Each structure stands twice: as structure tokens, then as C-alpha cells.
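Asker: Take this structure first; my questions come after.
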Amino acid sequence: MIIRTHELTRTYHLGGSIIPAVNKVSVRIADASFVSILGPSGSGKTTLLNLIGLIDSPTSGTIYFDDQDVSHLTSKEQRHLRLENIGFVFQTFNLLPTLTALENVEFPLAMTKLSQDAQRTRAMQLLTKVGLAHRLHHRPGKLSTGEMQRVAIARALANNPRLILADEPTGDLDTDTGTEIIQLLFNLSRKHKTTVLVATHDKRVAEIADVTYFIQDGTISRLTGTSDN
Amino acid sequence: MVVQAFPVVGGNIPENVIDRVTQVEGVKTAVPMVVRFGYQVESVIQLVPTNISIGIPPGNWSTLVGETPLKPGGQWPTSTLDKNEVVVGPSLATQLNIASGSKITMGKRNLTVTGILDTRSALLSRAIILPIQLAQHLFYGHTMWINMIIIELETTEAREEVAKRIEEEILGLKALTAQERNEIVEPLLNDIDTWNIGLSSVLYLLSMILVMMVALINISERRRDFATLDAIGTPKRTMFRMVVTETAFIGLIGSLTGIFLGSITAIFIVSVYTEIPLALFFTDLLNFVPPLFMITILISTVIVSAIAGIISAIATLRMNVAEMLRAEY
């Protein structure tokens, strides 16, 4: 198992009451699997992804990465783990607007020991893989939403992570482009043996996922597949 | 040494006092003068006159201008009163489009410009120099009064004693050595300096607050970018360096722009206020805005920007990444 959570809980204080965004969630994500987490808006999908991605801290419970407890790592250790092992794809792409597509993909590589030439070559290869060889030097403002999401996927793959967390990756895309992006993520997952965890309310993702979880009011249940995929 | 009447600025002296002053022990020569400051905007208190008219006996020009020559083709006014001749400073000449031979009007008299001074002196550049009798007619309507006497001493060591003697022997006069003249002007200059420092400090403080606000707004507007950088694992020190460098760079660009636009604006305002042509300031720009002053502003702004950057960077590193990623903006 690349990811395992044990009774993971994240609560928020709203006014005088405590809201459990994620409530005692225990999941097991197998290596190189394509997993979807389905659920309506506000169900806790994003919070769960943030917790697994170590950009939010659980109120209680434990997260294991490769059977190592990572929920109590220092901030620096968590950053290092994210940089080397986790790629993020966001609903709103979150590309740096002043950088070109190529520079956006190069950015995470700049924090590795790769030479500048190697960084550029790898970024170009990744953008070619996602079908953007002809848009290398365009800034995000000059790209379509589908192209921006492809750049974001290339950036997520930059450091050859073992886990990609995609939060509503089709949320800002039209139906056809959304299908293309999901298919691209699935193909890359298979080709690179990368684990992909997609939080979405798009049921098409569940159709191709190895495992699908359903989350509502912070409580999770498995819909399809087994964690041993 | 300068002799003036009470009040020291604006008082008049009967011209025949010259003979009595000349007889005071220690006085070598005494040259009478009529000095009149011209202020363009009479309703506003001005610290610096926009021009100055000086009447002096023909033949004593060097007492006033030293070795300053006239531009080619010019000549000093003759002593004949009915010729109404004057020389003018180059700044005034350029402003009023005057050349040797031009006619100007002062009071109700038509005057002929016989020469243009070839000088960069701030005072002489804005001066109209004319025979003393002509000045007396223009400013008093008769030749009885003067308002300043320039005294050359037999020996400079005795200047304090001679000044004391003049004041004791001729009532109503004030004999001022160079040091005493400076002492009269000093409180005014100190006041100007104090105001200058006060205003500069307030403006500088406001600028710094502005730089700080711009830096914080810049970071605030890009909080999702920084949250993304944080999410992908960018080390804190890299983000810190990015924010500080960026803010310092903004400060550098802002400072350069500010110095350029500030200098232009200040010169433009002075030009409008004094009616001295803008072009005259540009030839001497570095005298009006000294390079050392520019460098000081540049360095201090970059330093303050970097400090603002550090504050912004600390705020950036303290933000809740998960919340910032969710933020809609």
C-alpha cells in the first residue's frame, strides 16, 4: 500500500460548533492504482486529498506513506516528501501566470539536482507526452482550459512522483475535454506506474477507476474495486 | 563689508552718507548701490526672488560682478542717464528672449539692453544691472536715496572695529561683515532646513508605508500562487528569497521611476512658480538634484523594500496552504 489512513479526522470550528469535514476515514490505496473518490460538493473530498497530500494536518488519526507514519513529520520533511513523491493537479490548474508552459513544468525540477539542460529536456518531454509540444512557450493566459490542465498534469509528473492527487481535475472543463483529461491521467498512471487519486463528482472517472470510494459528510465508503488492485 | 540702513532689509540711506562713511577710519572705498528684489507672485510669500535689480555707479561694475564678462557683442551701460541702458543676466535674457540691443520696459521707462552677462551665478543670472542714477529714478523717483553701500577696507583684519566705528559715528546704519550677514540669514536657512527635513521625513515615511502596502497587496493577490508553490514542495527558504528579491526589485524600479518623475515634477513646479524656463533647469539638473541624493534615495528605498519583502515573506510562509488553495479570487 502506498497510502493508508487510520481513522483520519479533520474538524473545523464554525461559530460555536465543530464541523467534521473528514470523519474517521480509513482507506488503503494500492501502488500504481487509479482511485476515484466520488462525492457531492462539501462532502470532504478536497479536505481528504489535502490531508493525504500533507498540506493540511489531521485533527486526529494517522496517515501512512509506504507504511511510514508521515502525519507527524516536520513541515520541512513533509515538503521534501511532497516535492519528491507527490504531484498535485488542481481544479483551477494553479499555473503560475507569469511563466510559460515550459517554465511551469520546469519549476519543480529547479529544486532538484538536475542540470538546467536536463530540467529543460525533461519538461519538454513531459509537455510532449501531454500533447503540448507546440505550446511550450505560451503563458497560461494564452492556453485553453484543457491545455492548462495538461500543463498542470505535466507539472505534477515533473519529479516522477509515486502519487498524483487530482482535485476535481475536470471541474472547469467541458465534457469532451474532461474526458480527454481523465483518459490522459489514466494512461499516464498505467504507463508510469503512478498511483492517481482523483477527487471528483464526475461519474465517468468511476467507470475507469480501479477502486472508487464514496464520501459524504466526511464519512467514506467503498463503492467498487478492491484495494489490492 | 556691506552697510545697510535700519531695517536692515528695506531701509533707505541718504546718498550723501557716502561721504561720511568714506571718512571713517579704516574705510578705503565706499560704493553706493540700489538693490531691489523682484517677486513675480506678490500675494505669495517667496523665499527666493525671481529677479533682482541692482543699481551701481558706472565704472564700479567689478565691485558687483568681479571678473564676469559680457557675452560677445555686449557693452556696459554708459553713465548718461537719458540713454537708459542696462545689462541683464542670461537666465532672464533667455526667459524674456532678450539680446544685446533689445528694448525692455521697467516702470514707465523704456530701457535698452546693452549686454548679457556671461555667468552661471544664480544671483547674476537673474539680475538686471543698471547705472545707480537710473535705478534711483526708477525706484525712488529722485536721486536722494540708496539702500546699500559696499565698503572696501584698508585692511581686512580691522573689519570688526571699522564696522563698530561706522555704526557709532553714523546713526541708523548697520555695518555687516560677511559673518554677520550669514548670521542674519542663518536662522532663516535653519528654518528652511528644518522644514525641509520634516517634510522629507513625512514624505519618506509615507513612501515607505506605500512600498510596504504594495508589497503586502502583491503577495496577498498572489496567495494562491504561493500556496501552489508550497503544495508542490518548494522549500521555505526558496519562497522567502523569491518574495524578498521580488519586493526589493519592485522597490528599485519604483525608486528609479520616483527619482525621475519626482525631479521632473519638482523642476516643473519651480519653473511654473518662478517663470524661469524649464530648459534652463535641465542644463544644470545635477545641481538641482545632486547624484548623492539620488543614490541615497535609491539605496534606502531598496533596503526598505527588502524589509517590506521580509515582512511579506514571513506572512506568506505563515499562511494556511489548504485555505489559500481553496480561496476564490
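Please note that chains go A, B, ... in the order of the C-alpha cells, that every chain numbers its residues from 1, and that ligands are numbered from 1 in the order shown.
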Which chain A residues have any atom within 12 Å of an atom of chain B, and for each, what is the nearest pair of atoms with distance in Å to one decimal, counting only C-alpha atoms, rows sorted by chain and number, as a Markdown table?
Answerer:
```
| residue | atom | partner | partner_atom | distance |
| --- | --- | --- | --- | --- |
| A:Tyr12 | CA | B:Glu323 | CA | 11.6 |
| A:Gly42 | CA | B:Arg326 | CA | 11.8 |
| A:Thr46 | CA | B:Arg326 | CA | 8.8 |
| A:Thr47 | CA | B:Ala322 | CA | 8.1 |
| A:Leu48 | CA | B:Ala322 | CA | 10.9 |
| A:Leu49 | CA | B:Ala322 | CA | 10.0 |
| A:Asn50 | CA | B:Ala322 | CA | 6.6 |
| A:Leu51 | CA | B:Ala322 | CA | 9.1 |
| A:Ile52 | CA | B:Ala322 | CA | 11.8 |
| A:Gly53 | CA | B:Ala231 | CA | 8.1 |
| A:Leu54 | CA | B:Ala231 | CA | 8.4 |
| A:Ile55 | CA | B:Ala322 | CA | 6.0 |
| A:Asp56 | CA | B:Ala322 | CA | 5.9 |
| A:Ser57 | CA | B:Ala322 | CA | 9.4 |
| A:Pro58 | CA | B:Ala322 | CA | 11.9 |
| A:Ser75 | CA | B:Lys236 | CA | 9.5 |
| A:Lys76 | CA | B:Pro235 | CA | 7.5 |
| A:Glu77 | CA | B:Gly233 | CA | 9.7 |
| A:Gln78 | CA | B:Gly233 | CA | 8.0 |
| A:Arg79 | CA | B:Gly233 | CA | 4.4 |
| A:His80 | CA | B:Gly233 | CA | 6.1 |
| A:Leu81 | CA | B:Gly233 | CA | 7.6 |
| A:Arg82 | CA | B:Gly233 | CA | 5.2 |
| A:Leu83 | CA | B:Gly233 | CA | 4.3 |
| A:Glu84 | CA | B:Gly233 | CA | 8.0 |
| A:Asn85 | CA | B:Gly233 | CA | 9.7 |
| A:Ile86 | CA | B:Ile232 | CA | 7.6 |
| A:Gly87 | CA | B:Ile232 | CA | 6.7 |
| A:Phe88 | CA | B:Ile232 | CA | 6.9 |
| A:Val89 | CA | B:Ile232 | CA | 9.9 |
| A:Phe90 | CA | B:Leu325 | CA | 8.8 |
| A:Gln91 | CA | B:Arg326 | CA | 10.0 |
| A:Thr92 | CA | B:Leu325 | CA | 9.5 |
| A:Phe93 | CA | B:Thr228 | CA | 9.6 |
| A:Asn94 | CA | B:Thr228 | CA | 6.5 |
| A:Leu95 | CA | B:Asp225 | CA | 7.5 |
| A:Leu96 | CA | B:Asp225 | CA | 6.2 |
| A:Pro97 | CA | B:Asp225 | CA | 8.6 |
| A:Thr98 | CA | B:Asp225 | CA | 10.4 |
| A:Leu99 | CA | B:Asp225 | CA | 11.4 |
| A:Asn104 | CA | B:Leu229 | CA | 10.6 |
| A:Val105 | CA | B:Ile232 | CA | 11.2 |
| A:Phe107 | CA | B:Leu229 | CA | 8.9 |
| A:Pro108 | CA | B:Ile232 | CA | 7.0 |
| A:Leu109 | CA | B:Thr234 | CA | 10.2 |
| A:Ala110 | CA | B:Thr234 | CA | 9.6 |
| A:Met111 | CA | B:Thr234 | CA | 7.2 |
| A:Thr112 | CA | B:Thr234 | CA | 10.3 |
| A:Ala152 | CA | B:Thr228 | CA | 11.0 |
| A:Arg155 | CA | B:Ile232 | CA | 9.2 |
| A:Ala156 | CA | B:Ile232 | CA | 8.1 |
| A:Leu157 | CA | B:Ile232 | CA | 10.9 |
| A:Ala158 | CA | B:Ile232 | CA | 10.3 |
| A:Asn159 | CA | B:Ile232 | CA | 9.9 |
| A:Pro161 | CA | B:Ile232 | CA | 10.8 |
| A:Ile164 | CA | B:Ile232 | CA | 10.9 |
| A:Leu165 | CA | B:Ala231 | CA | 11.0 |
| A:Asp167 | CA | B:Arg326 | CA | 10.8 |
```
Asker: Can you tell me, as an MDAnalysis selection string, which residues in region 89-295 of chain B count as strand (DSSP E or B) by DSSP?
Answerer: chainID B and resid 103:106 109:117 127:131 145:146 148:153 173:176
Asker: For the residues selected in the previous step, produce a file with N, CA and C atoms as a compact mmCIF listing (two decimals), in the first residue's frame.
Answerer:
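Output below, filename out08.txt:
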```txt
# COMPACT_ATOMS: atom_id res chain seq x y z
N LYS B 103 14.90 96.05 -26.38
CA LYS B 103 14.27 97.08 -25.54
C LYS B 103 13.41 96.39 -24.48
N ILE B 104 13.52 96.85 -23.24
CA ILE B 104 12.63 96.33 -22.19
C ILE B 104 12.01 97.51 -21.47
N THR B 105 10.95 97.24 -20.75
CA THR B 105 10.29 98.32 -20.03
C THR B 105 10.34 98.02 -18.53
N MET B 106 10.82 99.02 -17.76
CA MET B 106 10.78 98.90 -16.30
C MET B 106 10.12 100.16 -15.78
N ARG B 109 9.71 103.40 -17.94
CA ARG B 109 10.85 103.73 -18.80
C ARG B 109 11.14 102.62 -19.79
N ASN B 110 11.44 103.04 -20.99
CA ASN B 110 11.91 102.08 -21.99
C ASN B 110 13.44 102.01 -21.88
N LEU B 111 13.95 100.83 -21.67
CA LEU B 111 15.40 100.66 -21.46
C LEU B 111 16.00 99.87 -22.60
N THR B 112 17.26 100.14 -22.85
CA THR B 112 17.97 99.40 -23.89
C THR B 112 18.95 98.43 -23.23
N VAL B 113 18.89 97.20 -23.67
CA VAL B 113 19.82 96.20 -23.13
C VAL B 113 21.12 96.29 -23.94
N THR B 114 22.22 96.62 -23.23
CA THR B 114 23.49 96.78 -23.95
C THR B 114 24.36 95.53 -23.86
N GLY B 115 24.00 94.62 -22.97
CA GLY B 115 24.82 93.42 -22.86
C GLY B 115 24.14 92.34 -22.03
N ILE B 116 24.60 91.10 -22.27
CA ILE B 116 24.11 89.96 -21.48
C ILE B 116 25.30 89.39 -20.71
N LEU B 117 25.13 89.24 -19.42
CA LEU B 117 26.22 88.69 -18.60
C LEU B 117 26.50 87.24 -19.00
N ALA B 127 19.79 88.82 -12.70
CA ALA B 127 19.99 90.22 -12.34
C ALA B 127 19.77 91.18 -13.52
N ILE B 128 19.29 92.37 -13.17
CA ILE B 128 19.29 93.49 -14.12
C ILE B 128 20.22 94.53 -13.50
N ILE B 129 21.30 94.82 -14.18
CA ILE B 129 22.29 95.75 -13.63
C ILE B 129 22.21 97.06 -14.41
N LEU B 130 22.14 98.14 -13.66
CA LEU B 130 21.94 99.42 -14.32
C LEU B 130 22.67 100.53 -13.56
N PRO B 131 22.94 101.64 -14.21
CA PRO B 131 23.61 102.75 -13.51
C PRO B 131 22.75 103.18 -12.32
N TRP B 145 18.24 108.77 -2.55
CA TRP B 145 18.33 107.58 -1.72
C TRP B 145 19.14 106.44 -2.35
N ILE B 146 19.77 105.72 -1.46
CA ILE B 146 20.37 104.43 -1.84
C ILE B 146 19.92 103.44 -0.75
N MET B 148 22.10 100.49 -0.03
CA MET B 148 23.21 99.62 0.36
C MET B 148 24.53 100.29 0.00
N ILE B 149 25.54 100.06 0.81
CA ILE B 149 26.88 100.57 0.50
C ILE B 149 27.86 99.40 0.63
N ILE B 150 28.65 99.20 -0.41
CA ILE B 150 29.67 98.16 -0.34
C ILE B 150 30.98 98.84 0.05
N ILE B 151 31.59 98.35 1.12
CA ILE B 151 32.80 99.01 1.63
C ILE B 151 34.02 98.13 1.42
N GLU B 152 35.06 98.73 0.88
CA GLU B 152 36.34 98.05 0.79
C GLU B 152 37.21 98.61 1.91
N LEU B 153 37.79 97.74 2.69
CA LEU B 153 38.57 98.17 3.85
C LEU B 153 40.05 98.34 3.49
N LEU B 173 22.65 103.29 10.73
CA LEU B 173 23.29 102.36 9.79
C LEU B 173 23.67 101.05 10.49
N LYS B 174 23.71 100.06 9.72
CA LYS B 174 24.17 98.77 10.24
C LYS B 174 25.28 98.29 9.30
N ALA B 175 26.49 98.14 9.84
CA ALA B 175 27.61 97.66 9.02
C ALA B 175 27.76 96.17 9.27
N LEU B 176 27.62 95.43 8.21
CA LEU B 176 27.62 93.97 8.37
C LEU B 176 28.83 93.34 7.72
```
Asker: When DSSP works through the backbone of this structure, what residues of region 33-224 of chain A end up as alpha helix (DSSP H), shown as a tab-separated table (two decimals) with N, CA and C atoms, in the first residue's frame?
Answerer:
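What follows is the written file selection-v8.tsv:
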```
chain	number	residue	atom	x	y	z
A	45	LYS	N	-14.13	15.78	0.10
A	45	LYS	CA	-13.15	15.23	-0.86
A	45	LYS	C	-11.83	16.00	-0.83
A	46	THR	N	-11.94	17.32	-0.97
A	46	THR	CA	-10.73	18.14	-1.03
A	46	THR	C	-9.96	18.07	0.28
A	47	THR	N	-10.68	18.10	1.40
A	47	THR	CA	-10.01	18.02	2.71
A	47	THR	C	-9.24	16.71	2.82
A	48	LEU	N	-9.87	15.61	2.37
A	48	LEU	CA	-9.20	14.32	2.44
A	48	LEU	C	-7.93	14.33	1.58
A	49	LEU	N	-8.04	14.88	0.36
A	49	LEU	CA	-6.86	14.95	-0.51
A	49	LEU	C	-5.76	15.81	0.11
A	50	ASN	N	-6.16	16.95	0.69
A	50	ASN	CA	-5.17	17.82	1.34
A	50	ASN	C	-4.47	17.11	2.49
A	51	LEU	N	-5.23	16.31	3.22
A	51	LEU	CA	-4.63	15.58	4.34
A	51	LEU	C	-3.64	14.53	3.81
A	52	ILE	N	-4.08	13.79	2.79
A	52	ILE	CA	-3.19	12.76	2.22
A	52	ILE	C	-1.97	13.42	1.57
A	75	SER	N	7.41	20.11	9.19
A	75	SER	CA	6.99	20.82	7.98
A	75	SER	C	8.02	20.64	6.86
A	76	LYS	N	9.29	20.69	7.22
A	76	LYS	CA	10.36	20.58	6.22
A	76	LYS	C	10.37	19.18	5.61
A	77	GLU	N	10.18	18.17	6.48
A	77	GLU	CA	10.17	16.79	5.98
A	77	GLU	C	8.96	16.55	5.08
A	78	GLN	N	7.83	17.14	5.46
A	78	GLN	CA	6.62	16.98	4.64
A	78	GLN	C	6.81	17.63	3.26
A	79	ARG	N	7.43	18.82	3.23
A	79	ARG	CA	7.70	19.50	1.95
A	79	ARG	C	8.58	18.61	1.07
A	80	HIS	N	9.58	18.05	1.70
A	80	HIS	CA	10.53	17.22	0.96
A	80	HIS	C	9.80	16.00	0.36
A	81	LEU	N	8.92	15.42	1.19
A	81	LEU	CA	8.15	14.25	0.73
A	81	LEU	C	7.24	14.64	-0.44
A	82	ARG	N	6.60	15.81	-0.32
A	82	ARG	CA	5.72	16.29	-1.40
A	82	ARG	C	6.51	16.52	-2.67
A	83	LEU	N	7.67	17.18	-2.52
A	83	LEU	CA	8.48	17.51	-3.70
A	83	LEU	C	8.90	16.26	-4.46
A	84	GLU	N	9.27	15.23	-3.72
A	84	GLU	CA	9.83	14.05	-4.38
A	84	GLU	C	8.81	12.97	-4.72
A	85	ASN	N	7.70	12.94	-4.00
A	85	ASN	CA	6.80	11.80	-4.15
A	85	ASN	C	5.36	12.11	-4.55
A	101	ALA	N	4.40	27.68	-20.31
A	101	ALA	CA	4.07	26.28	-20.03
A	101	ALA	C	5.34	25.52	-19.66
A	102	LEU	N	6.38	25.74	-20.44
A	102	LEU	CA	7.65	25.04	-20.21
A	102	LEU	C	8.23	25.41	-18.83
A	103	GLU	N	8.20	26.70	-18.51
A	103	GLU	CA	8.76	27.15	-17.22
A	103	GLU	C	7.93	26.63	-16.05
A	104	ASN	N	6.61	26.54	-16.23
A	104	ASN	CA	5.76	25.99	-15.16
A	104	ASN	C	6.15	24.55	-14.85
A	105	VAL	N	6.43	23.78	-15.90
A	105	VAL	CA	6.79	22.38	-15.69
A	105	VAL	C	8.21	22.28	-15.13
A	106	GLU	N	9.05	23.22	-15.54
A	106	GLU	CA	10.44	23.22	-15.06
A	106	GLU	C	10.55	23.58	-13.58
A	107	PHE	N	9.56	24.33	-13.09
A	107	PHE	CA	9.68	24.89	-11.74
A	107	PHE	C	9.98	23.83	-10.67
A	108	PRO	N	9.19	22.75	-10.58
A	108	PRO	CA	9.52	21.75	-9.54
A	108	PRO	C	10.88	21.09	-9.79
A	109	LEU	N	11.28	21.02	-11.07
A	109	LEU	CA	12.56	20.39	-11.40
A	109	LEU	C	13.73	21.25	-10.94
A	116	GLN	N	20.41	22.27	-15.59
A	116	GLN	CA	19.39	23.09	-16.27
A	116	GLN	C	18.99	22.47	-17.60
A	117	ASP	N	19.97	21.93	-18.31
A	117	ASP	CA	19.67	21.30	-19.60
A	117	ASP	C	18.75	20.09	-19.41
A	118	ALA	N	19.08	19.31	-18.39
A	118	ALA	CA	18.27	18.11	-18.11
A	118	ALA	C	16.85	18.50	-17.69
A	119	GLN	N	16.76	19.59	-16.92
A	119	GLN	CA	15.43	20.07	-16.50
A	119	GLN	C	14.60	20.44	-17.72
A	120	ARG	N	15.24	21.17	-18.63
A	120	ARG	CA	14.51	21.64	-19.83
A	120	ARG	C	14.09	20.45	-20.69
A	121	THR	N	15.01	19.50	-20.84
A	121	THR	CA	14.71	18.33	-21.67
A	121	THR	C	13.53	17.56	-21.09
A	122	ARG	N	13.59	17.36	-19.75
A	122	ARG	CA	12.50	16.59	-19.11
A	122	ARG	C	11.17	17.34	-19.24
A	123	ALA	N	11.20	18.66	-19.02
A	123	ALA	CA	9.96	19.44	-19.12
A	123	ALA	C	9.38	19.36	-20.54
A	124	MET	N	10.27	19.42	-21.54
A	124	MET	CA	9.81	19.34	-22.93
A	124	MET	C	9.22	17.95	-23.22
A	125	GLN	N	9.87	16.91	-22.69
A	125	GLN	CA	9.36	15.54	-22.89
A	125	GLN	C	7.97	15.39	-22.29
A	126	LEU	N	7.80	15.93	-21.08
A	126	LEU	CA	6.51	15.79	-20.40
A	126	LEU	C	5.41	16.54	-21.15
A	127	LEU	N	5.74	17.76	-21.61
A	127	LEU	CA	4.74	18.53	-22.34
A	127	LEU	C	4.41	17.85	-23.68
A	128	THR	N	5.39	17.20	-24.26
A	128	THR	CA	5.13	16.44	-25.49
A	128	THR	C	4.19	15.27	-25.19
A	129	LYS	N	4.46	14.60	-24.05
A	129	LYS	CA	3.60	13.46	-23.65
A	129	LYS	C	2.15	13.87	-23.47
A	145	THR	N	-8.48	26.04	-21.47
A	145	THR	CA	-8.56	25.40	-20.15
A	145	THR	C	-8.04	23.95	-20.21
A	146	GLY	N	-8.36	23.27	-21.28
A	146	GLY	CA	-7.86	21.89	-21.43
A	146	GLY	C	-6.35	21.85	-21.50
A	147	GLU	N	-5.78	22.82	-22.23
A	147	GLU	CA	-4.31	22.88	-22.34
A	147	GLU	C	-3.68	23.22	-21.00
A	148	MET	N	-4.34	24.12	-20.27
A	148	MET	CA	-3.80	24.49	-18.95
A	148	MET	C	-3.77	23.27	-18.03
A	149	GLN	N	-4.85	22.44	-18.10
A	149	GLN	CA	-4.88	21.26	-17.24
A	149	GLN	C	-3.82	20.25	-17.68
A	150	ARG	N	-3.53	20.20	-18.97
A	150	ARG	CA	-2.47	19.31	-19.45
A	150	ARG	C	-1.10	19.78	-18.91
A	151	VAL	N	-0.90	21.11	-18.91
A	151	VAL	CA	0.35	21.64	-18.35
A	151	VAL	C	0.44	21.27	-16.87
A	152	ALA	N	-0.69	21.41	-16.16
A	152	ALA	CA	-0.71	21.08	-14.72
A	152	ALA	C	-0.37	19.61	-14.50
A	153	ILE	N	-0.86	18.74	-15.39
A	153	ILE	CA	-0.56	17.30	-15.27
A	153	ILE	C	0.93	17.07	-15.54
A	154	ALA	N	1.46	17.76	-16.55
A	154	ALA	CA	2.89	17.62	-16.84
A	154	ALA	C	3.72	18.09	-15.65
A	155	ARG	N	3.28	19.19	-15.02
A	155	ARG	CA	4.00	19.69	-13.84
A	155	ARG	C	3.93	18.68	-12.70
A	156	ALA	N	2.75	18.06	-12.54
A	156	ALA	CA	2.59	17.07	-11.46
A	156	ALA	C	3.51	15.88	-11.68
A	157	LEU	N	3.79	15.57	-12.95
A	157	LEU	CA	4.64	14.42	-13.26
A	157	LEU	C	6.13	14.76	-13.23
A	175	THR	N	-17.29	18.82	-21.31
A	175	THR	CA	-17.42	17.37	-21.21
A	175	THR	C	-16.34	16.64	-22.01
A	176	ASP	N	-16.14	17.03	-23.27
A	176	ASP	CA	-15.17	16.33	-24.12
A	176	ASP	C	-13.74	16.49	-23.59
A	177	THR	N	-13.41	17.74	-23.23
A	177	THR	CA	-12.06	17.98	-22.71
A	177	THR	C	-11.86	17.23	-21.40
A	178	GLY	N	-12.89	17.21	-20.56
A	178	GLY	CA	-12.83	16.49	-19.30
A	178	GLY	C	-12.54	15.01	-19.53
A	179	THR	N	-13.21	14.43	-20.51
A	179	THR	CA	-12.98	13.01	-20.83
A	179	THR	C	-11.53	12.80	-21.27
A	180	GLU	N	-11.03	13.72	-22.10
A	180	GLU	CA	-9.64	13.62	-22.58
A	180	GLU	C	-8.65	13.67	-21.40
A	181	ILE	N	-8.93	14.58	-20.48
A	181	ILE	CA	-8.01	14.75	-19.34
A	181	ILE	C	-8.02	13.50	-18.45
A	182	ILE	N	-9.20	12.97	-18.19
A	182	ILE	CA	-9.30	11.75	-17.36
A	182	ILE	C	-8.56	10.61	-18.05
A	183	GLN	N	-8.77	10.48	-19.35
A	183	GLN	CA	-8.11	9.42	-20.10
A	183	GLN	C	-6.59	9.60	-20.06
A	184	LEU	N	-6.17	10.88	-20.18
A	184	LEU	CA	-4.72	11.18	-20.13
A	184	LEU	C	-4.15	10.77	-18.77
A	185	LEU	N	-4.83	11.14	-17.70
A	185	LEU	CA	-4.37	10.78	-16.35
A	185	LEU	C	-4.30	9.26	-16.19
A	186	PHE	N	-5.34	8.59	-16.70
A	186	PHE	CA	-5.40	7.12	-16.59
A	186	PHE	C	-4.23	6.48	-17.35
A	187	ASN	N	-4.03	6.94	-18.58
A	187	ASN	CA	-2.94	6.38	-19.42
A	187	ASN	C	-1.58	6.62	-18.79
A	188	LEU	N	-1.38	7.84	-18.28
A	188	LEU	CA	-0.08	8.15	-17.66
A	188	LEU	C	0.13	7.31	-16.40
A	189	SER	N	-0.97	7.11	-15.67
A	189	SER	CA	-0.90	6.29	-14.46
A	189	SER	C	-0.44	4.88	-14.82
A	190	ARG	N	-1.02	4.33	-15.85
A	190	ARG	CA	-0.66	2.99	-16.28
A	190	ARG	C	0.78	2.94	-16.81
A	191	LYS	N	1.10	3.93	-17.63
A	191	LYS	CA	2.41	3.92	-18.29
A	191	LYS	C	3.56	4.11	-17.29
A	192	HIS	N	3.37	5.03	-16.36
A	192	HIS	CA	4.44	5.37	-15.41
A	192	HIS	C	4.33	4.59	-14.10
A	203	LYS	N	-18.94	11.10	-12.60
A	203	LYS	CA	-19.09	9.64	-12.51
A	203	LYS	C	-18.31	8.90	-13.60
A	204	ARG	N	-17.87	9.61	-14.64
A	204	ARG	CA	-17.08	8.96	-15.70
A	204	ARG	C	-15.75	8.45	-15.14
A	205	VAL	N	-15.25	9.17	-14.12
A	205	VAL	CA	-13.97	8.76	-13.53
A	205	VAL	C	-14.13	7.39	-12.87
A	206	ALA	N	-15.27	7.22	-12.19
A	206	ALA	CA	-15.52	5.94	-11.50
A	206	ALA	C	-15.56	4.78	-12.48
A	207	GLU	N	-15.99	5.07	-13.72
A	207	GLU	CA	-16.12	4.00	-14.71
A	207	GLU	C	-14.78	3.37	-15.06
A	208	ILE	N	-13.70	4.18	-15.02
A	208	ILE	CA	-12.40	3.62	-15.40
A	208	ILE	C	-11.49	3.37	-14.19
```
Asker: Excluding region 18-22 of chain B and its own-chain neighbours fewer than 3 positions away, which residues fall within 10 Å of it when counting only C-alpha atoms? Please give them as a PyMOL selection string.
Answerer: chain B and resi 3+13-15+25-32+146+149+151-152+165-167+169-170
